[in-house]
Structures are given as C-alpha cells and as structure tokens.
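Undergrad: What follows is entry36.txt; its format and atoms are compact mmCIF, C-alpha atoms.
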```txt
# COMPACT_ATOMS: atom_id res chain seq x y z
CA MET U 1 77.26 125.67 86.70
CA ALA U 2 77.06 124.45 90.28
CA ILE U 3 77.78 120.78 90.84
CA GLU U 4 74.80 118.97 92.30
CA LEU U 5 75.37 116.12 94.77
CA THR U 6 72.92 113.67 96.30
CA ASP U 7 72.81 112.52 99.91
CA GLU U 8 73.53 108.97 98.70
CA LEU U 9 76.64 110.09 96.86
CA ILE U 10 77.88 111.99 99.91
CA ALA U 11 77.20 108.98 102.16
CA SER U 12 79.06 106.67 99.77
CA GLN U 13 82.17 108.88 99.80
CA GLN U 14 81.96 109.30 103.57
CA ALA U 15 81.80 105.51 104.04
CA ALA U 16 84.89 105.04 101.86
CA ASP U 17 86.76 107.78 103.72
CA ASP U 18 85.77 106.32 107.10
CA ALA U 19 87.00 102.87 106.04
CA HIS U 20 90.29 104.40 104.92
CA ALA U 21 90.69 106.24 108.22
CA LYS U 22 90.14 102.96 110.07
CA LEU U 23 92.78 101.29 107.91
CA ILE U 24 95.29 104.04 108.71
CA ASP U 25 94.41 103.80 112.41
CA LEU U 26 95.08 100.06 112.39
CA GLN U 27 98.37 100.60 110.61
CA ASN U 28 99.42 103.23 113.14
CA ARG U 29 98.42 101.08 116.11
CA PHE U 30 100.16 97.98 114.78
CA THR U 31 103.28 99.83 113.63
CA ASN U 32 103.74 101.89 116.77
CA PRO U 33 101.74 100.22 119.56
CA ASP U 34 103.58 102.05 122.32
CA ASP U 35 104.84 105.45 121.21
CA THR U 36 108.07 104.82 123.14
CA GLU U 37 109.25 101.76 121.21
CA ALA U 38 110.82 101.50 117.78
CA PRO U 39 108.23 101.08 115.01
CA VAL U 40 107.19 97.53 114.19
CA PRO U 41 107.41 96.86 110.43
CA ALA U 42 104.36 95.26 108.84
CA ARG U 43 106.37 92.11 108.12
CA ASP U 44 106.65 91.61 111.91
CA TRP U 45 102.96 92.05 112.75
CA ALA U 46 101.19 89.14 114.38
CA ASP U 47 99.08 86.96 112.07
CA GLU U 48 95.91 88.32 113.69
CA GLN U 49 97.03 91.89 113.06
CA ARG U 50 97.86 91.16 109.43
CA ALA U 51 94.48 89.45 108.95
CA GLU U 52 92.63 92.40 110.52
CA TRP U 53 94.53 94.92 108.39
CA ASP U 54 93.97 92.88 105.21
CA ALA U 55 90.24 92.61 105.92
CA GLN U 56 89.99 96.36 106.52
CA GLN U 57 91.94 97.08 103.36
CA GLN U 58 89.51 94.94 101.37
CA GLU U 59 86.55 96.76 102.93
CA TRP U 60 88.07 100.13 102.08
CA LEU U 61 88.74 99.05 98.49
CA ARG U 62 85.17 97.74 98.17
CA LEU U 63 83.67 100.99 99.45
CA ALA U 64 86.03 103.15 97.39
CA THR U 65 85.09 101.21 94.26
CA LEU U 66 81.40 101.72 95.01
CA ALA U 67 81.95 105.44 95.62
CA GLN U 68 83.86 105.82 92.35
CA ALA U 69 81.15 104.00 90.43
CA ALA U 70 78.53 106.23 92.03
CA VAL U 71 80.48 109.35 91.01
CA THR U 72 80.74 108.10 87.45
CA GLN U 73 77.04 107.27 87.25
CA HIS U 74 75.99 110.55 88.86
CA ALA U 75 78.13 112.54 86.43
CA LYS U 76 76.61 110.66 83.53
CA ASP U 77 73.05 111.01 84.81
CA THR U 78 73.38 114.74 85.48
CA GLN U 79 75.64 115.49 82.50
CA GLN U 80 78.22 117.08 84.77
CA PRO U 81 81.98 116.65 84.26
CA ARG U 82 83.07 113.61 86.27
CA HIS U 83 86.26 115.19 87.58
CA GLU U 84 84.27 118.19 88.84
CA VAL U 85 81.72 115.95 90.57
CA GLU U 86 84.52 114.01 92.26
CA ALA U 87 86.42 117.14 93.30
CA THR U 88 83.30 118.82 94.69
CA LEU U 89 82.28 115.66 96.53
CA ARG U 90 85.67 115.13 98.13
CA LYS U 91 85.91 118.76 99.18
CA LEU U 92 82.44 118.61 100.73
CA VAL U 93 83.14 115.38 102.61
CA ARG U 94 86.73 116.07 103.64
CA HIS U 95 86.58 119.82 104.24
CA PRO U 96 82.99 120.72 105.15
CA GLU U 97 82.02 124.33 105.50
CA PRO U 98 81.67 125.40 109.15
CA ALA U 99 78.09 125.71 110.36
CA THR U 100 76.84 129.27 110.64
CA GLY U 101 74.43 130.52 113.16
```
Go ahead and express the file in the form of structure tokens.
TA:
Amino acid sequence: MAIELTDELIASQQAADDAHAKLIDLQNRFTNPDDTEAPVPARDWADEQRAEWDAQQQEWLRLATLAQAAVTQHAKDTQQPRHEVEATLRKLVRHPEPATG
C-alpha cells in the first residue's frame, strides 16, 4: 500500500526542517564566526547570540511538535501506519526525487 501524503503535511515537515537548519546555521556562525579562530563554546556567546539561538530553538520545537501531531493525525485519518507515514514524509522532504524531463 502506497503511503499518501497531503501538501499540508509536506509543508509542515518542511517548515520544521527549515527551522532546524536555521538553528544549526546560527550555532555554526556563533561557534565559529571566523573559520580561522578557535571555536567559541556556547557558554561564551554574547547574550544577544544566546537569546537569538534560544528563540530559534523554541520556534523549531514548536514547528516540529506541530509536524509530529500532523503526522499522527494523518496516519489515524488514513489508517496508515504512523511510522511509515513519518518515514515516507521525511524521505520526500529531505531527499526529493530529481525532476525528470
């Protein structure tokens, strides 16, 4: 049985993944602001950097929670195994098939 996904479900996972990527980008920029210097541990970040990272982490967690709830509801509504819905969704969002043509 093929796993069916909705555009809303795909958008929800993409938003969570985008928020996570932004969080990782912030961490990389704050930890190693100038690729030639020694890494700056998070405990030594400026207060503004810590606040920005914390806010982005909260946004990522919010979006990830929404995406997970959407997966659970979609699996229930369509009577598909939840773990298969999640796996198919993540594969589609994170490793899309190349366009043909």
Undergrad: Determine, counting only C-alpha atoms, every residue of protein, DNA or RNA that lies within 6 Å of (81.3, 109.7, 86.5) in the file coordinates, then give the result as a list in words.
TA: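 Residues with an atom at most 6 Å from (81.3, 109.7, 86.5): Val71, Thr72, Gln73, His74, Ala75, Lys76 and Arg82 of chain U.
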Undergrad: Distance CA of Asp17 in chain U-CA of Asp54 in chain U, one decimal place?
TA: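 So the two atoms, CA of Asp17 in chain U and CA of Asp54 in chain U, lie 16.6 Å apart.
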Undergrad: Would you give me, as JSON lines, each residue of range 38-76 of chain U having an atom within 12 Å of an atom of range 25-31 of chain U, along with its shortest atom pair and that distance in Å to one decimal, using only C-alpha atoms and sorting by chain and residue number?
TA:
```
{"residue": "U:Ala38", "atom": "CA", "partner": "U:Thr31", "partner_atom": "CA", "distance": 8.8}
{"residue": "U:Pro39", "atom": "CA", "partner": "U:Thr31", "partner_atom": "CA", "distance": 5.3}
{"residue": "U:Val40", "atom": "CA", "partner": "U:Thr31", "partner_atom": "CA", "distance": 4.6}
{"residue": "U:Pro41", "atom": "CA", "partner": "U:Thr31", "partner_atom": "CA", "distance": 6.0}
{"residue": "U:Ala42", "atom": "CA", "partner": "U:Thr31", "partner_atom": "CA", "distance": 6.7}
{"residue": "U:Arg43", "atom": "CA", "partner": "U:Thr31", "partner_atom": "CA", "distance": 10.0}
{"residue": "U:Asp44", "atom": "CA", "partner": "U:Thr31", "partner_atom": "CA", "distance": 9.0}
{"residue": "U:Trp45", "atom": "CA", "partner": "U:Phe30", "partner_atom": "CA", "distance": 6.9}
{"residue": "U:Ala46", "atom": "CA", "partner": "U:Phe30", "partner_atom": "CA", "distance": 8.9}
{"residue": "U:Asp47", "atom": "CA", "partner": "U:Phe30", "partner_atom": "CA", "distance": 11.4}
{"residue": "U:Glu48", "atom": "CA", "partner": "U:Phe30", "partner_atom": "CA", "distance": 10.6}
{"residue": "U:Gln49", "atom": "CA", "partner": "U:Phe30", "partner_atom": "CA", "distance": 7.1}
{"residue": "U:Arg50", "atom": "CA", "partner": "U:Phe30", "partner_atom": "CA", "distance": 9.0}
{"residue": "U:Ala51", "atom": "CA", "partner": "U:Leu26", "partner_atom": "CA", "distance": 11.2}
{"residue": "U:Glu52", "atom": "CA", "partner": "U:Leu26", "partner_atom": "CA", "distance": 8.3}
{"residue": "U:Trp53", "atom": "CA", "partner": "U:Leu26", "partner_atom": "CA", "distance": 6.5}
{"residue": "U:Asp54", "atom": "CA", "partner": "U:Leu26", "partner_atom": "CA", "distance": 10.2}
{"residue": "U:Ala55", "atom": "CA", "partner": "U:Leu26", "partner_atom": "CA", "distance": 11.0}
{"residue": "U:Gln56", "atom": "CA", "partner": "U:Leu26", "partner_atom": "CA", "distance": 8.6}
{"residue": "U:Gln57", "atom": "CA", "partner": "U:Leu26", "partner_atom": "CA", "distance": 10.0}
```
Undergrad: Enter the distance from CA of Leu63 in chain U to CA of Arg90 in chain U, in Å, rounded to one decimal.
TA: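 Straight-line distance from CA of Leu63 in chain U to CA of Arg90 in chain U works out to 14.3 Å.
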Undergrad: Given the choices U:Thr100, U:Asp18, U:Arg62, U:Gln68, which gets closest to Ala87 in chain U if the distance is worked out from all atoms listed in the file?
TA: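 Looking at the shortest contact to Ala87 in chain U, the residue is U:Gln68.
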Undergrad: Between U:Ala99, U:Lys22, U:Val85, U:Asp34, which residue has the minimum interatomic distance to Leu5 in chain U, considering only C-alpha atoms?
TA: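 Ranked by minimum distance to Leu5 in chain U, first place goes to U:Val85.
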Undergrad: Give me the residues near Gln13 in chain U as JSON, numbers by chain, where near means some atom within 12 Å (using only C-alpha atoms) and where sequence neighbours in that chain fewer than 6 positions away do not count.
TA: {"U": [5, 6, 7, 19, 20, 60, 61, 62, 63, 64, 65, 66, 67, 68, 69, 70, 71, 85, 86, 87, 88, 89, 90, 91, 92, 93, 94]}
Undergrad: Give me, please, the distance in Å between CA of Pro96 in chain U and CA of Asp77 in chain U, quoted to one decimal.
TA: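 Distance reported for this atom pair: 24.6 Å.
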Undergrad: Selecting N, CA, C and O atoms, how would range 40-77 of chain U from this structure be written as a PDB file, in the first residue's frame?
TA:
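This is the output file part09.pdb:
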```
ATOM      1  N   VAL U  40      34.177  29.018  19.495  1.00  0.00           N
ATOM      2  CA  VAL U  40      33.670  29.705  20.673  1.00  0.00           C
ATOM      3  C   VAL U  40      32.604  28.813  21.302  1.00  0.00           C
ATOM      4  O   VAL U  40      31.571  28.568  20.679  1.00  0.00           O
ATOM      5  N   PRO U  41      32.823  28.323  22.535  1.00  0.00           N
ATOM      6  CA  PRO U  41      31.793  27.485  23.149  1.00  0.00           C
ATOM      7  C   PRO U  41      30.527  28.280  23.430  1.00  0.00           C
ATOM      8  O   PRO U  41      30.575  29.495  23.647  1.00  0.00           O
ATOM      9  N   ALA U  42      29.402  27.603  23.436  1.00  0.00           N
ATOM     10  CA  ALA U  42      28.115  28.274  23.644  1.00  0.00           C
ATOM     11  C   ALA U  42      28.093  29.069  24.939  1.00  0.00           C
ATOM     12  O   ALA U  42      27.463  30.126  25.002  1.00  0.00           O
ATOM     13  N   ARG U  43      28.802  28.603  25.963  1.00  0.00           N
ATOM     14  CA  ARG U  43      28.807  29.330  27.237  1.00  0.00           C
ATOM     15  C   ARG U  43      29.446  30.713  27.105  1.00  0.00           C
ATOM     16  O   ARG U  43      29.244  31.572  27.955  1.00  0.00           O
ATOM     17  N   ASP U  44      30.220  30.932  26.030  1.00  0.00           N
ATOM     18  CA  ASP U  44      30.897  32.219  25.821  1.00  0.00           C
ATOM     19  C   ASP U  44      30.208  33.099  24.777  1.00  0.00           C
ATOM     20  O   ASP U  44      30.733  34.156  24.424  1.00  0.00           O
ATOM     21  N   TRP U  45      29.056  32.683  24.268  1.00  0.00           N
ATOM     22  CA  TRP U  45      28.325  33.507  23.316  1.00  0.00           C
ATOM     23  C   TRP U  45      27.840  34.775  24.007  1.00  0.00           C
ATOM     24  O   TRP U  45      27.552  34.780  25.216  1.00  0.00           O
ATOM     25  N   ALA U  46      27.697  35.825  23.229  1.00  0.00           N
ATOM     26  CA  ALA U  46      27.120  37.067  23.743  1.00  0.00           C
ATOM     27  C   ALA U  46      25.658  36.819  24.115  1.00  0.00           C
ATOM     28  O   ALA U  46      25.011  35.919  23.574  1.00  0.00           O
ATOM     29  N   ASP U  47      25.149  37.630  25.036  1.00  0.00           N
ATOM     30  CA  ASP U  47      23.751  37.482  25.473  1.00  0.00           C
ATOM     31  C   ASP U  47      22.785  37.555  24.298  1.00  0.00           C
ATOM     32  O   ASP U  47      21.804  36.807  24.257  1.00  0.00           O
ATOM     33  N   GLU U  48      23.071  38.434  23.329  1.00  0.00           N
ATOM     34  CA  GLU U  48      22.198  38.568  22.164  1.00  0.00           C
ATOM     35  C   GLU U  48      22.217  37.292  21.316  1.00  0.00           C
ATOM     36  O   GLU U  48      21.202  36.882  20.769  1.00  0.00           O
ATOM     37  N   GLN U  49      23.400  36.691  21.194  1.00  0.00           N
ATOM     38  CA  GLN U  49      23.502  35.441  20.439  1.00  0.00           C
ATOM     39  C   GLN U  49      22.725  34.329  21.135  1.00  0.00           C
ATOM     40  O   GLN U  49      21.982  33.585  20.492  1.00  0.00           O
ATOM     41  N   ARG U  50      22.895  34.221  22.436  1.00  0.00           N
ATOM     42  CA  ARG U  50      22.187  33.187  23.195  1.00  0.00           C
ATOM     43  C   ARG U  50      20.676  33.378  23.067  1.00  0.00           C
ATOM     44  O   ARG U  50      19.939  32.425  22.858  1.00  0.00           O
ATOM     45  N   ALA U  51      20.222  34.630  23.165  1.00  0.00           N
ATOM     46  CA  ALA U  51      18.785  34.908  23.054  1.00  0.00           C
ATOM     47  C   ALA U  51      18.269  34.546  21.661  1.00  0.00           C
ATOM     48  O   ALA U  51      17.180  33.964  21.529  1.00  0.00           O
ATOM     49  N   GLU U  52      19.033  34.866  20.624  1.00  0.00           N
ATOM     50  CA  GLU U  52      18.616  34.538  19.258  1.00  0.00           C
ATOM     51  C   GLU U  52      18.565  33.022  19.058  1.00  0.00           C
ATOM     52  O   GLU U  52      17.616  32.487  18.472  1.00  0.00           O
ATOM     53  N   TRP U  53      19.570  32.317  19.564  1.00  0.00           N
ATOM     54  CA  TRP U  53      19.605  30.862  19.430  1.00  0.00           C
ATOM     55  C   TRP U  53      18.450  30.235  20.197  1.00  0.00           C
ATOM     56  O   TRP U  53      17.771  29.337  19.690  1.00  0.00           O
ATOM     57  N   ASP U  54      18.213  30.702  21.424  1.00  0.00           N
ATOM     58  CA  ASP U  54      17.107  30.167  22.234  1.00  0.00           C
ATOM     59  C   ASP U  54      15.756  30.378  21.548  1.00  0.00           C
ATOM     60  O   ASP U  54      14.914  29.478  21.536  1.00  0.00           O
ATOM     61  N   ALA U  55      15.555  31.561  20.980  1.00  0.00           N
ATOM     62  CA  ALA U  55      14.295  31.856  20.287  1.00  0.00           C
ATOM     63  C   ALA U  55      14.128  30.936  19.075  1.00  0.00           C
ATOM     64  O   ALA U  55      13.032  30.417  18.819  1.00  0.00           O
ATOM     65  N   GLN U  56      15.218  30.716  18.327  1.00  0.00           N
ATOM     66  CA  GLN U  56      15.133  29.836  17.162  1.00  0.00           C
ATOM     67  C   GLN U  56      14.902  28.392  17.582  1.00  0.00           C
ATOM     68  O   GLN U  56      14.157  27.662  16.930  1.00  0.00           O
ATOM     69  N   GLN U  57      15.503  27.984  18.681  1.00  0.00           N
ATOM     70  CA  GLN U  57      15.277  26.629  19.171  1.00  0.00           C
ATOM     71  C   GLN U  57      13.804  26.442  19.548  1.00  0.00           C
ATOM     72  O   GLN U  57      13.204  25.413  19.230  1.00  0.00           O
ATOM     73  N   GLN U  58      13.216  27.426  20.192  1.00  0.00           N
ATOM     74  CA  GLN U  58      11.803  27.343  20.558  1.00  0.00           C
ATOM     75  C   GLN U  58      10.911  27.278  19.318  1.00  0.00           C
ATOM     76  O   GLN U  58       9.929  26.538  19.283  1.00  0.00           O
ATOM     77  N   GLU U  59      11.267  28.045  18.297  1.00  0.00           N
ATOM     78  CA  GLU U  59      10.487  28.012  17.049  1.00  0.00           C
ATOM     79  C   GLU U  59      10.597  26.640  16.383  1.00  0.00           C
ATOM     80  O   GLU U  59       9.610  26.089  15.901  1.00  0.00           O
ATOM     81  N   TRP U  60      11.794  26.096  16.348  1.00  0.00           N
ATOM     82  CA  TRP U  60      11.976  24.763  15.773  1.00  0.00           C
ATOM     83  C   TRP U  60      11.161  23.727  16.544  1.00  0.00           C
ATOM     84  O   TRP U  60      10.452  22.904  15.946  1.00  0.00           O
ATOM     85  N   LEU U  61      11.237  23.765  17.874  1.00  0.00           N
ATOM     86  CA  LEU U  61      10.481  22.810  18.680  1.00  0.00           C
ATOM     87  C   LEU U  61       8.974  22.963  18.461  1.00  0.00           C
ATOM     88  O   LEU U  61       8.247  21.959  18.392  1.00  0.00           O
ATOM     89  N   ARG U  62       8.503  24.184  18.337  1.00  0.00           N
ATOM     90  CA  ARG U  62       7.080  24.432  18.084  1.00  0.00           C
ATOM     91  C   ARG U  62       6.656  23.813  16.750  1.00  0.00           C
ATOM     92  O   ARG U  62       5.658  23.085  16.663  1.00  0.00           O
ATOM     93  N   LEU U  63       7.445  24.081  15.712  1.00  0.00           N
ATOM     94  CA  LEU U  63       7.108  23.565  14.384  1.00  0.00           C
ATOM     95  C   LEU U  63       7.258  22.043  14.311  1.00  0.00           C
ATOM     96  O   LEU U  63       6.455  21.363  13.657  1.00  0.00           O
ATOM     97  N   ALA U  64       8.262  21.504  14.982  1.00  0.00           N
ATOM     98  CA  ALA U  64       8.451  20.051  14.992  1.00  0.00           C
ATOM     99  C   ALA U  64       7.290  19.367  15.712  1.00  0.00           C
ATOM    100  O   ALA U  64       6.816  18.314  15.278  1.00  0.00           O
ATOM    101  N   THR U  65       6.821  19.972  16.789  1.00  0.00           N
ATOM    102  CA  THR U  65       5.680  19.427  17.517  1.00  0.00           C
ATOM    103  C   THR U  65       4.435  19.440  16.643  1.00  0.00           C
ATOM    104  O   THR U  65       3.671  18.459  16.606  1.00  0.00           O
ATOM    105  N   LEU U  66       4.220  20.532  15.918  1.00  0.00           N
ATOM    106  CA  LEU U  66       3.075  20.610  15.009  1.00  0.00           C
ATOM    107  C   LEU U  66       3.176  19.562  13.902  1.00  0.00           C
ATOM    108  O   LEU U  66       2.183  18.915  13.549  1.00  0.00           O
ATOM    109  N   ALA U  67       4.379  19.389  13.354  1.00  0.00           N
ATOM    110  CA  ALA U  67       4.575  18.400  12.292  1.00  0.00           C
ATOM    111  C   ALA U  67       4.305  16.990  12.812  1.00  0.00           C
ATOM    112  O   ALA U  67       3.649  16.185  12.142  1.00  0.00           O
ATOM    113  N   GLN U  68       4.795  16.689  14.000  1.00  0.00           N
ATOM    114  CA  GLN U  68       4.568  15.361  14.574  1.00  0.00           C
ATOM    115  C   GLN U  68       3.086  15.114  14.835  1.00  0.00           C
ATOM    116  O   GLN U  68       2.578  14.023  14.579  1.00  0.00           O
ATOM    117  N   ALA U  69       2.401  16.121  15.339  1.00  0.00           N
ATOM    118  CA  ALA U  69       0.959  15.980  15.570  1.00  0.00           C
ATOM    119  C   ALA U  69       0.222  15.776  14.251  1.00  0.00           C
ATOM    120  O   ALA U  69      -0.729  14.977  14.174  1.00  0.00           O
ATOM    121  N   ALA U  70       0.656  16.464  13.212  1.00  0.00           N
ATOM    122  CA  ALA U  70       0.021  16.314  11.900  1.00  0.00           C
ATOM    123  C   ALA U  70       0.249  14.907  11.343  1.00  0.00           C
ATOM    124  O   ALA U  70      -0.661  14.318  10.749  1.00  0.00           O
ATOM    125  N   VAL U  71       1.449  14.372  11.542  1.00  0.00           N
ATOM    126  CA  VAL U  71       1.733  13.001  11.098  1.00  0.00           C
ATOM    127  C   VAL U  71       0.825  12.019  11.827  1.00  0.00           C
ATOM    128  O   VAL U  71       0.214  11.136  11.208  1.00  0.00           O
ATOM    129  N   THR U  72       0.722  12.177  13.126  1.00  0.00           N
ATOM    130  CA  THR U  72      -0.119  11.284  13.921  1.00  0.00           C
ATOM    131  C   THR U  72      -1.572  11.347  13.461  1.00  0.00           C
ATOM    132  O   THR U  72      -2.220  10.311  13.255  1.00  0.00           O
ATOM    133  N   GLN U  73      -2.084  12.557  13.266  1.00  0.00           N
ATOM    134  CA  GLN U  73      -3.477  12.714  12.847  1.00  0.00           C
ATOM    135  C   GLN U  73      -3.703  12.159  11.446  1.00  0.00           C
ATOM    136  O   GLN U  73      -4.700  11.501  11.179  1.00  0.00           O
ATOM    137  N   HIS U  74      -2.763  12.430  10.549  1.00  0.00           N
ATOM    138  CA  HIS U  74      -2.887  11.930   9.177  1.00  0.00           C
ATOM    139  C   HIS U  74      -2.893  10.402   9.157  1.00  0.00           C
ATOM    140  O   HIS U  74      -3.702   9.781   8.451  1.00  0.00           O
ATOM    141  N   ALA U  75      -2.018   9.793   9.935  1.00  0.00           N
ATOM    142  CA  ALA U  75      -1.959   8.331   9.988  1.00  0.00           C
ATOM    143  C   ALA U  75      -3.281   7.770  10.514  1.00  0.00           C
ATOM    144  O   ALA U  75      -3.802   6.781   9.983  1.00  0.00           O
ATOM    145  N   LYS U  76      -3.806   8.425  11.515  1.00  0.00           N
ATOM    146  CA  LYS U  76      -5.089   7.984  12.085  1.00  0.00           C
ATOM    147  C   LYS U  76      -6.214   8.150  11.069  1.00  0.00           C
ATOM    148  O   LYS U  76      -7.021   7.231  10.858  1.00  0.00           O
ATOM    149  N   ASP U  77      -6.262   9.318  10.437  1.00  0.00           N
ATOM    150  CA  ASP U  77      -7.338   9.607   9.481  1.00  0.00           C
ATOM    151  C   ASP U  77      -7.323   8.676   8.270  1.00  0.00           C
ATOM    152  O   ASP U  77      -8.364   8.343   7.718  1.00  0.00           O
TER     153      ASP U  77
END
```
